[in-house]
Amino acid sequence: MPSHRYRDVYSRVQVPLTDRDWPGKRLTHAPLWVPVDLRDGNQALAEPMDPERKRRFFELMVRMGYKEIEVGYPSASQTDYDFVRLLAGTGLAPEDVTIVVFTPARRDLIERTVDSIRGMPNPVVIHLYTATAPTWRDVVLGKDRDELRQIILDGGRDILELAGALPNVRFEFSPEVFNLTEPGYVLDICDSMTELWLATPERPVILNLPATVEVATPNVYADQIEYMHRHLDRRDSVILSVHPHNDRGTGVACAELALLAGAQRVEGCIFGNGERTGNVDIATLALNLHAQGVDPMVDFSDIDEICRTVEYCTRIPLHERHPYAGDLVHTAFSGTHQDAIRKGFAEHRRRAEESGVAESELDWRVPYLPIDPADIGRTYDAVIRVNSQSGKGGIVHLLETGYGITLPRRLQIDFARHVQHHTDTTGTEVTTAGLWSLFRRTYLTERSTVDNVRLVGWETTGGDTPAIRITLTVDGHERTSTHRAADPIEALGAAVNEAGIPVEILGLVQQSLRGGDDGDGGDGERALCLLEYRTGTVTGWAAGCGDSAPAAGMNAVMSAVRRTRP
């Protein structure tokens with residue numbers, strides 16, 4: 001790898017900051033969120049959004065509670081211009097939602113932008129941008145520092161001339177590629193813009209400082225933001241904004257550290273769509289705050305509807321492992337993870353029952369799940385799934401939630417071996433219904449191939465000393481025996497032993513069964529018996545289902561018999 005061709009950012013931008021406050025800070029409140037999906041995100045789509053998709057996306061963001069939305073680049077396309085005019089003329093945007101429009105520092109494009117917002121009843125931000133970094137000045141713009149400064153100030157004057165008298169309009173300036181621009185130079189330009197635009201606390205100017213191409217570790221961006229935060233003129237009249245990208249995969253970290261360093265506002269896309277590897281993901285940022293007990297001030301309580309809408313509008317599927325929102329992010333396949341999650345859920349329910357407090361009101365302390373999936377509209381059904389990496393915890397969880405079955409510890413161990421063999425052989429995940437089917441095939445041995453042992457019937461005899469009469473067929477011969485026993489299951493165990501089938505019942509567990517199409521185990525089965533037995537020196541497990549506990553127990557004994565004498 002020719003790594004010598006690249007320079008670290010410290011050699012390009014020396015941040016004159018020898019001490020810093022941001023490492024000791026904590027995030028205690030949400031920033032001002034500005035989704036730019038309809039402008040920056042839209043520019044990054046192979047198929048830009050048509051008017052219907054833009055409208056649907058805008059309505060989603062309004063429902064989620066965003067109060068400032070960048071809606072387009074009116075001078076760049078007729079579609080964007082028409083969408084801004086739609087917002088101006090239809091009342092589609094609630095009156096408390098600020099509309100942001102984007103423009104370069106060129107008079108004819110500024111005129112087109114100002115024309116698009118005329119008559120807009122909402123608060124409006126006109127967002128002016130120009131690239132300021134040395135490589136962009138030299139390669140793209142062909143301007144030196146003084147020439148570029150003049151272009152930016154001329155653009156600011158044009159905006160002031162054309163829109164300064166509009167009472168609902170405020171101004172924003174972005175020195176594009178801020179993070180690769182000399183700190184003193186960009187500070188001078190920003191101070192010049194706030195002076196030109198007469199920034200006051202009542203009509204503050206937004207200074208947006210983008211990490212347009214992410215090139216350094218997040219602490220470098222934090223230092224750059226803190227330097228600006230400390231040295232800007234009219235600081236009380238500035239809303240300090242950031243716009244990180246994700247070229248190094250640390251866009252979220254850059255945004256969080258920038259907030260610690262003094263930023264008040266974050267621009268990004270809901271799920272991080274954007275040029276190259278994307279803009280910062282503001283859904284992840286918001287839910288990170290939620291996971292730390294800070295209200296993000298936007299509503300992600302129906303994450304699946306948000307995902308469906310964003311996927312439809314962008315035509316980009318969300319990755320299954322996308323933080324918080326992906327289909328698999330609350331799903332555990334690993335056995336150790338599943339066991340911890342299952343125990344965490346059980347403890348959560350126990351604390352709720354003991355305290356008399358709703359589960360949704362308790363502190364969340366479930367291992368491996370940083371937030372309660374229910375907070376974002378997810379159910380617990382998909383939290384634990386079983387494949388070849390899974391263990392007892394996942395199996396137990398699915399059978400408990402799907403059919404109400406609680407397996408004894410030793411049966412968990414025994415059944416896990418069968419599940420492991422099945423998933424290793426098939427190479428696929430096994431569903432809850434698939435687990436139940438495998439369980440029945442393994443332990444509910446209702447008929448052997450030859451069917452050489454069969455329970456014909458049983459009855460309780462009367463008299464002074466009640467007894468239980470058992471009738472079996474063994475190898476085609478019927479035999480009846482009578483037993484003084486406490487229950488039919490004990491009597492059947494004695495009967496099979498007298499018939500020369502050495503099955504010793506070590507213990508059994510009776511449970512109610514639910515699940516299946518008719519609300520129970522299927523075919524009217526409402527009871528399940530789990531039976532541990534021994535034959536010779538070998539122990540094993542068998543199970544039986546029935547419409548009553550005694551019937552399930554009798555079937556479990558016969559399953560054990562058939563497992564020992566196929």
# chains A, B, ... in the order shown; residues from 1 in each chain; ligands from 1

$ closest_atom_pairs --of "segment 202-224 of chain A" --to "segment 228-245 of chain A" --cutoff "9 Å" --atoms "only C-alpha atoms" --output "JSON lines"
{"residue": "A:Glu202", "atom": "CA", "partner": "A:Ser237", "partner_atom": "CA", "distance": 7.6}
{"residue": "A:Arg203", "atom": "CA", "partner": "A:Ser237", "partner_atom": "CA", "distance": 7.2}
{"residue": "A:Pro204", "atom": "CA", "partner": "A:Ser237", "partner_atom": "CA", "distance": 4.6}
{"residue": "A:Val205", "atom": "CA", "partner": "A:Val238", "partner_atom": "CA", "distance": 5.1}
{"residue": "A:Ile206", "atom": "CA", "partner": "A:Ile239", "partner_atom": "CA", "distance": 4.7}
{"residue": "A:Leu207", "atom": "CA", "partner": "A:Leu240", "partner_atom": "CA", "distance": 5.3}
{"residue": "A:Asn208", "atom": "CA", "partner": "A:Ser241", "partner_atom": "CA", "distance": 4.3}
{"residue": "A:Leu209", "atom": "CA", "partner": "A:Val242", "partner_atom": "CA", "distance": 4.9}
{"residue": "A:Pro210", "atom": "CA", "partner": "A:His243", "partner_atom": "CA", "distance": 4.3}
{"residue": "A:Ala211", "atom": "CA", "partner": "A:Pro244", "partner_atom": "CA", "distance": 4.6}
{"residue": "A:Thr212", "atom": "CA", "partner": "A:His245", "partner_atom": "CA", "distance": 5.7}
{"residue": "A:Val213", "atom": "CA", "partner": "A:His245", "partner_atom": "CA", "distance": 6.2}
{"residue": "A:Glu214", "atom": "CA", "partner": "A:His245", "partner_atom": "CA", "distance": 5.8}
{"residue": "A:Asp223", "atom": "CA", "partner": "A:Met228", "partner_atom": "CA", "distance": 8.7}
{"residue": "A:Gln224", "atom": "CA", "partner": "A:Met228", "partner_atom": "CA", "distance": 6.5}

$ residues_around --residues "segment 124-131 of chain A" --least-positions-apart "4" --cutoff "7 Å" --atoms "only C-alpha atoms" --output "list of chain:residue names"
A:Thr98, A:Ile99, A:Val100, A:Val101, A:Phe102, A:Thr103, A:Pro104, A:Ala105, A:Trp136, A:Ile152, A:Asn168, A:Val169, A:Arg170, A:Phe171, A:Glu172, A:Phe173, A:Ser174, A:Pro175, A:Glu176, A:Val177

$ select_by_dssp --residues "segment 130-244 of chain A" --states "strand (DSSP E)" --output "PyMOL selection string"
chain A and resi 130-131+169-176+205-211+238-244

$ residues_around --residues "Val509 of chain A" --least-positions-apart "6" --cutoff "8 Å" --atoms "only C-alpha atoms" --output "list in words"
Cys529, Leu530 and Leu531 of chain A

$ closest_residue --among "A:Leu180, A:Ala325, A:Leu60, A:Leu32" --to "Thr309 of chain A" --atoms "only C-alpha atoms"
A:Leu60

$ residues_around --residues "segment 69-82 of chain A" --least-positions-apart "4" --cutoff "10 Å" --atoms "only C-alpha atoms" --output "PyMOL selection string"
chain A and resi 33-43+48-51+54-55+58+61-62+86-88+93+97-104+108-117+124-127+267-268

$ atom_distance --atom1 "atom CA of Phe300 of chain A" --atom2 "atom CA of Ile376 of chain A"
5.6 Å
